[in-house]
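Engineer: Quick one: this structure, given as structure tokens, is what I'll be asking you about.
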Amino acid sequence: MAALVPKDPAAVCRIRSAPTAGTNYFLGIDYENVQKLCNISGLQSRDNPQSTPDAHCEFLQQYRKIFIQPKPVLPKIPVFASPYYRTRSERLITYKILGLFPAINKRFADEELKDLSAKIIMESWEKSCIVFGYQSFYLILRGCAKPYSLLGEPLRPIHPPPWLDPTLSMLAFGDSFGSLLPMSDNAGHKVLSVLTESNCQLVKISTGQFENVREEIIVRNYTMKEKLIQACRSYQHWPKLSLSKLVQLINWKKYPKDYVLAKEGEISSIVGFIKSGQCYIFKDIEGLEKLPLGRVQSEVKHIIMGKLSSNQSFGEISILLRKPFTCTLITATEVELGVISERDILGLEEVYRMLLQQTSEPILVNLTQEEVNNRYISLEKEKQWKRFKNKVIKETILYRGIKPGVGKWNFKCSIKDNSKKIPPPSF
């Protein structure tokens with residue numbers, strides 16, 4: 001056993017760095033256990049030429065304890081920091097993790113979940129504890145629990161809970177329980193508490209946190225809608241009270257590219273305030289299209305006369321005066337609008353309808369038919385010039401039978417290595 005305790009420091013280093021069969025790399029030698037091994041009765045020594053079988057077996061069972069092993073690092077589930085110290089990146093990670101659970105997605109809107117990710121907390125419960133969820137929403141991250149109580153009755157285990165799949169007898173990872181409704185509104189929610197069957201880790205969202213988030217979202221949306229209306233030129237001088245009437249009627253909507261928002265000759269169905277994106281303004285004109293054999297056919301052309309972009313509105317005059325649109329609006333990109341329906345506009349008090357009529361302007365109100373014709377002619381001339389130019393270039397290239405990419409003209413330009421040369425100054 002003396003050989004197990006080398007006096008040479010280099011030998012000690014070799015022992016620490018070498019792996020032992022069946023073990024990981026160790027951190028050092030536990031000399032207390034070495035001393036215990038040396039004191040095993042019956043081991044071979046100067047006075048005892050051979051170890052006894054019992055001493056040999058005991059030595060084999062205990063010798064691994066002389067190597068100091070690193071503490072094992074157990075895998076961790078995501079830990080939600082305290083809401084007061086949670087950084088922006090941690091909130092984003094929390095939001096993405098919670099979005100993976102169907103129980104969360106069905107219960108909370110995306111905007112609510114983004115704000116709740118900064119407020120939720122995680123609780124740890126030991127086995128055989130009762131968790132009350134009368135004014136809290138819980139999501140199980142680890143462990144399992146059994147639905148335990150019925151509202152208005154003494155605490156007693158129930159099996160299975162009436163609001164779950166009848167085949168389920170236990171709540172496990174990803175399941176939820178509890179209610180965010182006040183106590184008086186919980187009559188329809190029978191199972192509100194659980195009994196933990198093992199050590200559990202739960203995500204908790206309280207009623208107070210949820211109500212605060214909803215209030216913050218309402219205030220934030222109100223402010224965004226108010227700023228959007230005031231950014232439009234026609235509404236910059238509106239009084240605060242009149243603006244609040246319109247803000248209460250606005251709803252957010254997104255439209256894809258190439259969506260027809262309003263059609264020429266029809267009354268608009270909405271008043272739109274453009275938050276982001278662009279819309280083309282089209283004007284219809286009847287033109288002549290040449291056909292083979294000298295024939296001519298009349299055809300309706302759509303001419304782009306302009307664009308609508310963010311902080312502009314449309315549809316007020318068409319709805320209030322019941323006038324058809326004088327142009328067609330088609331989204332050029334994905335567009336997000338603040339929308340007020342035709343019914344809500346006509347349902348406003350007369351004072352607000354008069355104010356809308358006085359301050360709003362129809363689209364292309366001063367556009368004459370002559371201007372539309374001139375625009376159409378200029379676009380047609382531009383098209384004809386492009387066709388003529390392409391034809392001349394093509395005929396010039398093919399005059400000598402040169403066809404790029406065919407025959408002897410099929411070659412690749414070699415790229416010279418100019419890495420060693422000093423690059424010319426930028427022009």
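Here, A, B, ... name the chains of the structure tokens in the order displayed, residue numbers run from 1 inside each chain, and ligands are numbered from 1 in the same displayed order.
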Using only C-alpha atoms, what does the table of region 113-154 of chain A residues within 10 Å of region 203-224 of chain A look like, with each row giving the shortest atom pair and its distance in Å to one decimal, sorted by chain and ascending number, as JSON lines?
Structural biologist:
```
{"residue": "A:Leu113", "atom": "CA", "partner": "A:Val213", "partner_atom": "CA", "distance": 9.1}
{"residue": "A:Lys114", "atom": "CA", "partner": "A:Val213", "partner_atom": "CA", "distance": 9.6}
{"residue": "A:Asp115", "atom": "CA", "partner": "A:Val213", "partner_atom": "CA", "distance": 6.3}
{"residue": "A:Leu116", "atom": "CA", "partner": "A:Val213", "partner_atom": "CA", "distance": 6.8}
{"residue": "A:Ser117", "atom": "CA", "partner": "A:Ile205", "partner_atom": "CA", "distance": 9.7}
{"residue": "A:Ala118", "atom": "CA", "partner": "A:Val213", "partner_atom": "CA", "distance": 10.0}
{"residue": "A:Lys119", "atom": "CA", "partner": "A:Gln209", "partner_atom": "CA", "distance": 6.9}
{"residue": "A:Ile120", "atom": "CA", "partner": "A:Ile205", "partner_atom": "CA", "distance": 5.5}
{"residue": "A:Ile121", "atom": "CA", "partner": "A:Lys204", "partner_atom": "CA", "distance": 5.6}
{"residue": "A:Met122", "atom": "CA", "partner": "A:Val203", "partner_atom": "CA", "distance": 4.5}
{"residue": "A:Glu123", "atom": "CA", "partner": "A:Val203", "partner_atom": "CA", "distance": 6.4}
{"residue": "A:Ser124", "atom": "CA", "partner": "A:Val203", "partner_atom": "CA", "distance": 9.0}
{"residue": "A:Gly133", "atom": "CA", "partner": "A:Ser206", "partner_atom": "CA", "distance": 9.0}
{"residue": "A:Tyr134", "atom": "CA", "partner": "A:Thr207", "partner_atom": "CA", "distance": 9.2}
{"residue": "A:Gln135", "atom": "CA", "partner": "A:Thr207", "partner_atom": "CA", "distance": 5.5}
{"residue": "A:Ser136", "atom": "CA", "partner": "A:Ser206", "partner_atom": "CA", "distance": 4.2}
{"residue": "A:Phe137", "atom": "CA", "partner": "A:Ile205", "partner_atom": "CA", "distance": 5.1}
{"residue": "A:Tyr138", "atom": "CA", "partner": "A:Lys204", "partner_atom": "CA", "distance": 4.8}
{"residue": "A:Leu139", "atom": "CA", "partner": "A:Val203", "partner_atom": "CA", "distance": 5.0}
{"residue": "A:Ile140", "atom": "CA", "partner": "A:Val203", "partner_atom": "CA", "distance": 6.5}
{"residue": "A:Leu141", "atom": "CA", "partner": "A:Val203", "partner_atom": "CA", "distance": 7.1}
{"residue": "A:Arg142", "atom": "CA", "partner": "A:Val203", "partner_atom": "CA", "distance": 9.9}
```
Engineer: Keeping only N, CA, C and O atoms, write the selected residues to a file as a CSV table (one decimal), in the first residue's frame.
Structural biologist:
```csv
chain,number,residue,atom,x,y,z
A,113,LEU,N,-48.7,37.7,-23.7
A,113,LEU,CA,-47.7,36.8,-23.3
A,113,LEU,C,-46.3,37.5,-23.3
A,113,LEU,O,-45.5,37.3,-22.5
A,114,LYS,N,-46.1,38.5,-24.3
A,114,LYS,CA,-44.9,39.2,-24.3
A,114,LYS,C,-44.7,40.1,-23.1
A,114,LYS,O,-43.6,40.1,-22.5
A,115,ASP,N,-45.8,40.7,-22.6
A,115,ASP,CA,-45.7,41.5,-21.4
A,115,ASP,C,-45.6,40.6,-20.1
A,115,ASP,O,-44.9,40.9,-19.2
A,116,LEU,N,-46.3,39.5,-20.1
A,116,LEU,CA,-46.3,38.6,-19.0
A,116,LEU,C,-44.9,37.9,-18.8
A,116,LEU,O,-44.6,37.6,-17.6
A,117,SER,N,-44.1,37.8,-19.8
A,117,SER,CA,-42.8,37.2,-19.7
A,117,SER,C,-41.9,38.0,-18.8
A,117,SER,O,-40.9,37.5,-18.3
A,118,ALA,N,-42.2,39.3,-18.6
A,118,ALA,CA,-41.5,40.1,-17.7
A,118,ALA,C,-42.0,40.1,-16.2
A,118,ALA,O,-41.3,40.6,-15.3
A,119,LYS,N,-43.1,39.4,-16.0
A,119,LYS,CA,-43.7,39.4,-14.7
A,119,LYS,C,-43.9,38.1,-14.0
A,119,LYS,O,-44.0,38.0,-12.8
A,120,ILE,N,-43.9,37.0,-14.8
A,120,ILE,CA,-44.2,35.7,-14.2
A,120,ILE,C,-43.1,35.3,-13.3
A,120,ILE,O,-42.0,35.7,-13.3
A,121,ILE,N,-43.4,34.4,-12.3
A,121,ILE,CA,-42.5,33.8,-11.4
A,121,ILE,C,-42.6,32.3,-11.4
A,121,ILE,O,-43.6,31.7,-11.9
A,122,MET,N,-41.6,31.6,-10.9
A,122,MET,CA,-41.6,30.2,-10.8
A,122,MET,C,-41.5,29.7,-9.3
A,122,MET,O,-40.8,30.3,-8.6
A,123,GLU,N,-42.4,28.8,-9.0
A,123,GLU,CA,-42.5,28.3,-7.6
A,123,GLU,C,-42.1,26.8,-7.6
A,123,GLU,O,-42.3,26.1,-8.5
A,124,SER,N,-41.5,26.4,-6.4
A,124,SER,CA,-41.1,25.0,-6.2
A,124,SER,C,-42.0,24.5,-5.0
A,124,SER,O,-42.1,25.2,-4.0
A,133,GLY,N,-55.4,27.3,-6.7
A,133,GLY,CA,-55.3,28.2,-7.9
A,133,GLY,C,-56.5,29.0,-8.1
A,133,GLY,O,-57.0,29.1,-9.3
A,134,TYR,N,-57.1,29.5,-7.0
A,134,TYR,CA,-58.4,30.2,-7.2
A,134,TYR,C,-58.2,31.6,-7.9
A,134,TYR,O,-59.1,32.0,-8.6
A,135,GLN,N,-57.1,32.2,-7.7
A,135,GLN,CA,-56.8,33.5,-8.4
A,135,GLN,C,-55.4,33.5,-9.1
A,135,GLN,O,-54.8,34.5,-9.1
A,136,SER,N,-55.0,32.4,-9.6
A,136,SER,CA,-53.7,32.2,-10.2
A,136,SER,C,-53.8,31.2,-11.3
A,136,SER,O,-54.6,30.2,-11.2
A,137,PHE,N,-53.0,31.3,-12.3
A,137,PHE,CA,-52.9,30.3,-13.4
A,137,PHE,C,-51.5,29.7,-13.2
A,137,PHE,O,-50.5,30.3,-13.1
A,138,TYR,N,-51.5,28.3,-13.2
A,138,TYR,CA,-50.3,27.6,-13.0
A,138,TYR,C,-50.0,26.7,-14.2
A,138,TYR,O,-50.9,26.1,-14.8
A,139,LEU,N,-48.7,26.6,-14.5
A,139,LEU,CA,-48.2,25.7,-15.6
A,139,LEU,C,-47.2,24.8,-15.0
A,139,LEU,O,-46.2,25.2,-14.3
A,140,ILE,N,-47.3,23.5,-15.1
A,140,ILE,CA,-46.4,22.5,-14.5
A,140,ILE,C,-45.2,22.3,-15.5
A,140,ILE,O,-45.3,21.9,-16.6
A,141,LEU,N,-44.0,22.6,-14.9
A,141,LEU,CA,-42.7,22.4,-15.6
A,141,LEU,C,-42.0,21.1,-15.3
A,141,LEU,O,-41.3,20.5,-16.1
A,142,ARG,N,-42.2,20.7,-14.0
A,142,ARG,CA,-41.6,19.5,-13.6
A,142,ARG,C,-42.4,18.8,-12.5
A,142,ARG,O,-43.0,19.5,-11.7
```
Engineer: DSSP on the backbone, then: every residue of region 41-288 of chain A marked strand (DSSP E), written as a PyMOL selection string.
Structural biologist: chain A and resi 67-68+121-125+130-132+136-142+145-147+176-179+193-196+200-206+251-255+260-262+270-276+279-288
Engineer: Lys263 (chain A): which residues within 9 Å, counting only C-alpha atoms, same-chain residues fewer than 2 positions away excluded, as a list of chain:residue names?
Structural biologist: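 Residues meeting the cut-off are A:Val260, A:Leu261, A:Gly265, A:Glu266, A:Ile267, A:Ser268, A:Pro324, A:Phe325, A:Thr326, A:Cys327, A:Thr328, A:Leu329, A:Ile330.
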Engineer: What does the file look like for those residues with N, CA, C and O atoms, as a compact mmCIF listing (two decimals), in the first residue's frame?
Structural biologist:
```txt
# COMPACT_ATOMS: atom_id res chain seq x y z
N VAL A 260 -56.89 44.59 -52.66
CA VAL A 260 -57.69 45.74 -53.08
C VAL A 260 -58.42 46.31 -51.85
O VAL A 260 -59.31 45.67 -51.30
N LEU A 261 -58.01 47.51 -51.45
CA LEU A 261 -58.63 48.17 -50.30
C LEU A 261 -59.88 48.94 -50.69
O LEU A 261 -60.84 49.01 -49.93
N GLY A 265 -65.37 53.52 -58.45
CA GLY A 265 -66.79 53.39 -58.75
C GLY A 265 -67.60 52.79 -57.62
O GLY A 265 -68.83 52.67 -57.75
N GLU A 266 -66.98 52.42 -56.51
CA GLU A 266 -67.69 51.84 -55.37
C GLU A 266 -67.45 52.68 -54.12
O GLU A 266 -66.39 53.32 -53.98
N ILE A 267 -68.42 52.67 -53.21
CA ILE A 267 -68.28 53.39 -51.93
C ILE A 267 -67.39 52.59 -51.00
O ILE A 267 -67.54 51.37 -50.87
N SER A 268 -66.48 53.26 -50.35
CA SER A 268 -65.54 52.58 -49.46
C SER A 268 -66.28 51.98 -48.27
O SER A 268 -67.26 52.55 -47.78
N PRO A 324 -68.91 57.41 -54.67
CA PRO A 324 -68.01 56.31 -55.06
C PRO A 324 -66.57 56.80 -55.16
O PRO A 324 -66.31 57.98 -55.42
N PHE A 325 -65.66 55.87 -54.95
CA PHE A 325 -64.23 56.19 -55.04
C PHE A 325 -63.88 56.55 -56.47
O PHE A 325 -64.37 55.93 -57.43
N THR A 326 -63.04 57.57 -56.65
CA THR A 326 -62.61 57.99 -57.98
C THR A 326 -61.34 57.27 -58.43
O THR A 326 -60.79 57.59 -59.49
N CYS A 327 -60.83 56.34 -57.62
CA CYS A 327 -59.62 55.60 -57.97
C CYS A 327 -59.67 54.24 -57.26
O CYS A 327 -60.58 53.97 -56.47
N THR A 328 -58.69 53.42 -57.55
CA THR A 328 -58.57 52.11 -56.93
C THR A 328 -57.31 52.08 -56.07
O THR A 328 -56.25 52.50 -56.52
N LEU A 329 -57.44 51.58 -54.84
CA LEU A 329 -56.31 51.46 -53.93
C LEU A 329 -55.93 49.99 -53.79
O LEU A 329 -56.75 49.15 -53.42
N ILE A 330 -54.67 49.68 -54.11
CA ILE A 330 -54.14 48.32 -54.01
C ILE A 330 -52.84 48.38 -53.23
O ILE A 330 -51.99 49.24 -53.48
```
Engineer: What is the distance, in Å and to one decimal place, between CA of Leu320 (chain A) and CA of Gly272 (chain A)?
Structural biologist: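 Atom-to-atom, CA of Leu320 (chain A) to CA of Gly272 (chain A), that is 13.8 Å.
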Engineer: With the cut-off set at 10 Å and counting only C-alpha atoms, tabulate each residue of region 220-304 of chain A with an atom at most that distance from an atom of region 356-361 of chain A, showing the nearest atom pair and its distance in Å to one decimal, ordered by chain and increasing number, as JSON lines.
Structural biologist:
```
{"residue": "A:Cys232", "atom": "CA", "partner": "A:Ser360", "partner_atom": "CA", "distance": 9.9}
{"residue": "A:Arg233", "atom": "CA", "partner": "A:Ser360", "partner_atom": "CA", "distance": 9.0}
{"residue": "A:Ser234", "atom": "CA", "partner": "A:Thr359", "partner_atom": "CA", "distance": 5.4}
{"residue": "A:Tyr235", "atom": "CA", "partner": "A:Thr359", "partner_atom": "CA", "distance": 7.1}
{"residue": "A:Gln236", "atom": "CA", "partner": "A:Thr359", "partner_atom": "CA", "distance": 9.7}
{"residue": "A:His237", "atom": "CA", "partner": "A:Thr359", "partner_atom": "CA", "distance": 9.3}
{"residue": "A:Trp238", "atom": "CA", "partner": "A:Thr359", "partner_atom": "CA", "distance": 9.0}
{"residue": "A:Ser242", "atom": "CA", "partner": "A:Leu356", "partner_atom": "CA", "distance": 9.8}
```
Engineer: Report, in Å with one decimal, the straight-line distance from CA of Lys254 (chain A) to CA of Ile317 (chain A).
Structural biologist: 22.6 Å
Engineer: Near Ala172 (chain A), counting only C-alpha atoms, which residues have an atom at most 7 Å away, once you skip same-chain residues fewer than 5 positions from it, shown as an NGL selection string?
Structural biologist: :A and (140 or 143-145)
Engineer: I need the chosen residues saved as an mmCIF file, in the first residue's frame, with N, CA, C and O atoms.
Structural biologist:
```cif
data_model
loop_
_atom_site.group_PDB
_atom_site.id
_atom_site.type_symbol
_atom_site.label_atom_id
_atom_site.label_comp_id
_atom_site.auth_asym_id
_atom_site.auth_seq_id
_atom_site.Cartn_x
_atom_site.Cartn_y
_atom_site.Cartn_z
ATOM 1 N N ILE A 140 -47.315 23.451 -15.147
ATOM 2 C CA ILE A 140 -46.387 22.484 -14.549
ATOM 3 C C ILE A 140 -45.168 22.321 -15.460
ATOM 4 O O ILE A 140 -45.305 21.948 -16.630
ATOM 5 N N GLY A 143 -42.494 17.517 -12.483
ATOM 6 C CA GLY A 143 -43.279 16.805 -11.484
ATOM 7 C C GLY A 143 -44.683 16.510 -11.969
ATOM 8 O O GLY A 143 -45.032 16.713 -13.137
ATOM 9 N N CYS A 144 -45.508 16.018 -11.062
ATOM 10 C CA CYS A 144 -46.895 15.705 -11.384
ATOM 11 C C CYS A 144 -47.778 16.014 -10.187
ATOM 12 O O CYS A 144 -47.317 16.084 -9.052
ATOM 13 N N ALA A 145 -49.054 16.226 -10.443
ATOM 14 C CA ALA A 145 -50.005 16.589 -9.393
ATOM 15 C C ALA A 145 -51.365 16.014 -9.738
ATOM 16 O O ALA A 145 -51.678 15.763 -10.907
#
```
Engineer: Hey, which of A:Asp284, A:Phe273, A:Ser313, A:Leu37 ends up closest to Val300 (chain A)? Count only C-alpha atoms.
Structural biologist: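 That would be A:Asp284, the residue with the smallest distance to Val300 (chain A).
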Engineer: Identify all residues of region 180-342 of chain A in alpha helix (DSSP H) (DSSP on the backbone) and supply them as an NGL selection string.
Structural biologist: :A and (207-231 or 240-247 or 316-320 or 342)
Engineer: Pick the closest to Cys200 (chain A) from A:Asn105, A:Ser276, A:Ser128, A:Asn39: which is it, counting only C-alpha atoms?
Structural biologist: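 Between A:Asn105, A:Ser276, A:Ser128, A:Asn39, the residue approaching Cys200 (chain A) most closely is A:Ser128.
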